[in-house]
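Peer 1: Input: one structure, supplied below.
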Amino acid sequence: MQIEFEHRQAAHCENGAVSNLMRYNGIDVSEPMVFGIGSGLLFCYIPFLMVNHAPAITYRAMPGFIFKRFAKRVGVKIKREKFKNTKKAQERLDENLSKNNPVGLQVGVFNLPYFPEEYRFHFNAHNLVVYGKEGDRYLISDPTVEHVTSLSEKELEKVRFAKGAFAPNGHMYYPVSFPEKVNLEKAILKGIKHTCRDMLAPIPFVGVKGIHKIAGLIRKWPKKKGTKVANHYLGQIVRMQEEIGTGGGGFRYIYAAFLQEASKILNNSQLSDLSNEMTEIGDLWRDFAVNASRIYKNRSSQNDGYNQIANQLDTIANLEETFFKKLKKAV
Amino acid sequence: MKKSEVPQDKSTLENTNIREMCYAVDENGEYTTELSTGWDPKTIALNNTLAEIDERIAAAKEKVLKNETSPIEYYMELNRMDTSVLAGYTGFWQWQIKRHFKPSVFQKLSIKRLQKYADVFEITIEELKNSNA
């Protein structure tokens, strides 16, 4: 069986899966819209937690939060199920497919056969949509990949029950009820306000303050940790910023796209100007990545190199602070 | 970033025909998307990470040969895991796993426990035990 499901590639898996599921159910929202309404944009340094043997920082909200907030703000009800029993998990999936209901699944990346070897890490907060089954193969729409693909029963079970941080436990989700009329305006305002609050939070690890914090750490790393470790840490920052489906510039470009779309829906030209500003800030994040890569490429430990990119981050943090204060006033 | 500036650098992605989506503005200042084959600053970071993983695997192998650790640690690194991920897959506690790294403890592990590790690493007990790494 195969459900008529339109696969559209997205930059990020969560926005993409949500956006595709919504469109299937007749609510046409773009990936940036989902991201903006769900207040996806963030900067956060999580002290004491190490990911891939480096400090954990993130440029977006916790896995699952974007969808949760989006659904709440737009008025869509979501059914979520987690399973202990792998058989039960498959039965419930098959049941939904036989009812012509495509579902979103949270999966681990490490055992996804269609991912290139280089990208297979134990990262468990990936999202994809299952839209049918042919024989014992599930038809898969993975939003980060250009074309649809398929997985065997065994392969799908393995990724649904991946272990480690954010273990999915077979997590399956799908919308069950929709509002009569979708009121995007209100949802957009809520989403923007929430993001401003996050980015300007008076907490040393979050938002603008978090960026300053990381800048401060970067200055200390070469002396405290040695060149090798410092460079590894830097590389991880760039990877978090650019790799995990961010659409470029640590999600800043997606957010700018959201603001542009929002300015049209709300008829607010200020948001369009702010979109341009966010694009420029995104460019600065890209510059930061380029300069950071120069340091870890040459495996050099020139201290002023670290200081220079730390200065760059401080500049970005200051710009984002002014930016989000303006954005707060604009809505 | 302008649409025309979306990087199309050579990367490992190219061989697999996977392209990544970027958001960028077109000539009229409107946001649109463009697929990218890769970007050097990212590729270098990823390659460094992969090199690092290889180093960790080699170091673990070395330790196994010197009888300083058990093959469990080697296979853990080979599968890009750390003790917390391995704990998730095996159901053992992290402290138990660290104990199983000791060659003397590893020698005495029951078949049942060895089988658990072997299943997770997708190898046989023989391979786990006689790992010439």
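Residue numbers start at 1 in each chain; chains themselves are named A, B, ... in the order of the structure tokens; ligands are numbered from 1 in the order shown.
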Mind checking DSSP for stretch 13-61 of chain B and telling me the helix (DSSP H, G or I) residues as a PyMOL selection string?
Peer 2: chain B and resi 13-16+40-61
Peer 1: Report as an MDAnalysis selection string the set of chain B residues whose atoms approach chain A to within 10 Å, with distances computed over only C-alpha atoms.
Peer 2: chainID B and resid 1:2 6 12:13 15:25 29:36 38:50 52:53 79:91
Peer 1: With only C-alpha atoms as the basis for distance, which of A:Val107, A:Met199, A:Ala89, A:Ile37 is at the shortest distance from A:Phe65?
Peer 2: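 Of A:Val107, A:Met199, A:Ala89, A:Ile37, the one nearest A:Phe65 is A:Ile37, counting only C-alpha atoms.
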Peer 1: Between B:Glu122, B:Asp54, B:Lys129, B:Ile111, which has the minimum distance to B:Ile72 (counting only C-alpha atoms)?
Peer 2: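 Closest residue, counting only C-alpha atoms: B:Lys129.
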Peer 1: Where in chain B does DSSP assign strand (DSSP E), given as a ChimeraX atom specification?
Peer 2: /B:20-25,31-36
Peer 1: Counting only C-alpha atoms, what is within 6 Å of stretch 136-140 of chain A, bar same-chain residues fewer than 3 positions away, as a VMD selection string?
Peer 2: chain A and resid 129 to 133 148 to 153
Peer 1: Store the residues picked out above, limited to N, CA and C atoms, as a compact mmCIF listing (two decimals), in the first residue's frame.
Peer 2:
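What ended up in again.txt:
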# COMPACT_ATOMS: atom_id res chain seq x y z
N VAL A 129 9.27 10.46 7.71
CA VAL A 129 7.86 10.10 7.58
C VAL A 129 7.77 8.76 6.86
N VAL A 130 6.91 7.87 7.37
CA VAL A 130 6.63 6.61 6.67
C VAL A 130 5.29 6.78 5.96
N TYR A 131 5.27 6.53 4.66
CA TYR A 131 4.02 6.81 3.92
C TYR A 131 3.50 5.59 3.18
N GLY A 132 4.01 4.41 3.53
CA GLY A 132 3.46 3.22 2.88
C GLY A 132 4.33 2.00 3.12
N LYS A 133 3.85 0.86 2.64
CA LYS A 133 4.60 -0.37 2.80
C LYS A 133 4.39 -1.23 1.56
N VAL A 148 12.66 10.05 -2.16
CA VAL A 148 12.14 9.08 -1.20
C VAL A 148 12.96 7.80 -1.28
N THR A 149 12.85 6.97 -0.22
CA THR A 149 13.63 5.75 -0.19
C THR A 149 12.81 4.69 0.55
N SER A 150 13.42 3.57 0.88
CA SER A 150 12.67 2.55 1.62
C SER A 150 13.59 1.82 2.59
N LEU A 151 12.97 1.21 3.62
CA LEU A 151 13.72 0.45 4.62
C LEU A 151 13.01 -0.86 4.89
N SER A 152 13.78 -1.91 5.15
CA SER A 152 13.16 -3.19 5.49
C SER A 152 12.60 -3.11 6.92
N GLU A 153 11.72 -4.07 7.24
CA GLU A 153 11.15 -4.09 8.60
C GLU A 153 12.23 -4.07 9.65
Peer 1: What lies within 12 Å of stretch 221-226 of chain A using only C-alpha atoms, ignoring chain neighbours under 3 positions off, as a ChimeraX atom specification?
Peer 2: /A:54-55,214-218,229-234,295-296,299-307,310
Peer 1: Skipping near chain neighbours, those fewer than 5 positions away, what residues fall within 8 Å of A:Tyr174 using only C-alpha atoms, listed as a list in words?
Peer 2: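 Skipping anything fewer than 5 positions along the chain leaves Leu21, Ile78, Lys79, Arg80, Pro102, Val103 and Gly104 of chain A.
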Peer 1: Using only C-alpha atoms, which protein or nucleic acid residues come within 12 Å of A:Pro204? Drop anything in the same chain fewer than 5 positions from it, and give the result as a PyMOL selection string.
Peer 2: chain A and resi 43-47+198-199+209-214+216
Peer 1: With C-alpha atoms retained, write the just-selected residues as a compact mmCIF listing (two decimals), in the first residue's frame.
Peer 2:
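For reference, again_31.txt as written:
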# COMPACT_ATOMS: atom_id res chain seq x y z
CA PHE A 43 21.66 29.42 21.09
CA CYS A 44 22.46 27.34 24.08
CA TYR A 45 25.58 26.03 25.71
CA ILE A 46 24.89 23.03 27.92
CA PRO A 47 27.53 22.95 30.62
CA ASP A 198 14.85 32.89 24.70
CA MET A 199 17.57 34.84 22.93
CA LYS A 209 24.64 35.52 26.80
CA GLY A 210 25.43 31.97 25.72
CA ILE A 211 27.26 33.24 22.64
CA HIS A 212 29.39 35.54 24.83
CA LYS A 213 30.04 32.58 27.11
CA ILE A 214 31.33 30.41 24.27
CA GLY A 216 35.02 33.49 26.49
Peer 1: Between A:Met22, A:Leu274, A:Leu189, A:Leu93, single out the one closest to A:Gly170, counting only C-alpha atoms.
Peer 2: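 Under the stated criterion, the closest residue is A:Leu93.
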Peer 1: Restricting the calculation to only C-alpha atoms, which member of A:Val29, A:Leu327, A:Met1, A:Cys196 is positioned closest to A:Glu277?
Peer 2: A:Leu327
Peer 1: Would you please work out which residue, of A:Asn15, A:Ser263, A:Lys181, A:Asp314, is nearest to A:Trp285 when using only C-alpha atoms?
Peer 2: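 Result for the nearest residue to A:Trp285: A:Asp314.
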Peer 1: Could you work out how far atom CA of A:Ile66 lies from atom CA of A:Asn85, giving the answer in Å with one decimal?
Peer 2: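 Atom-to-atom, atom CA of A:Asn85 to atom CA of A:Ile66, that is 27.1 Å.
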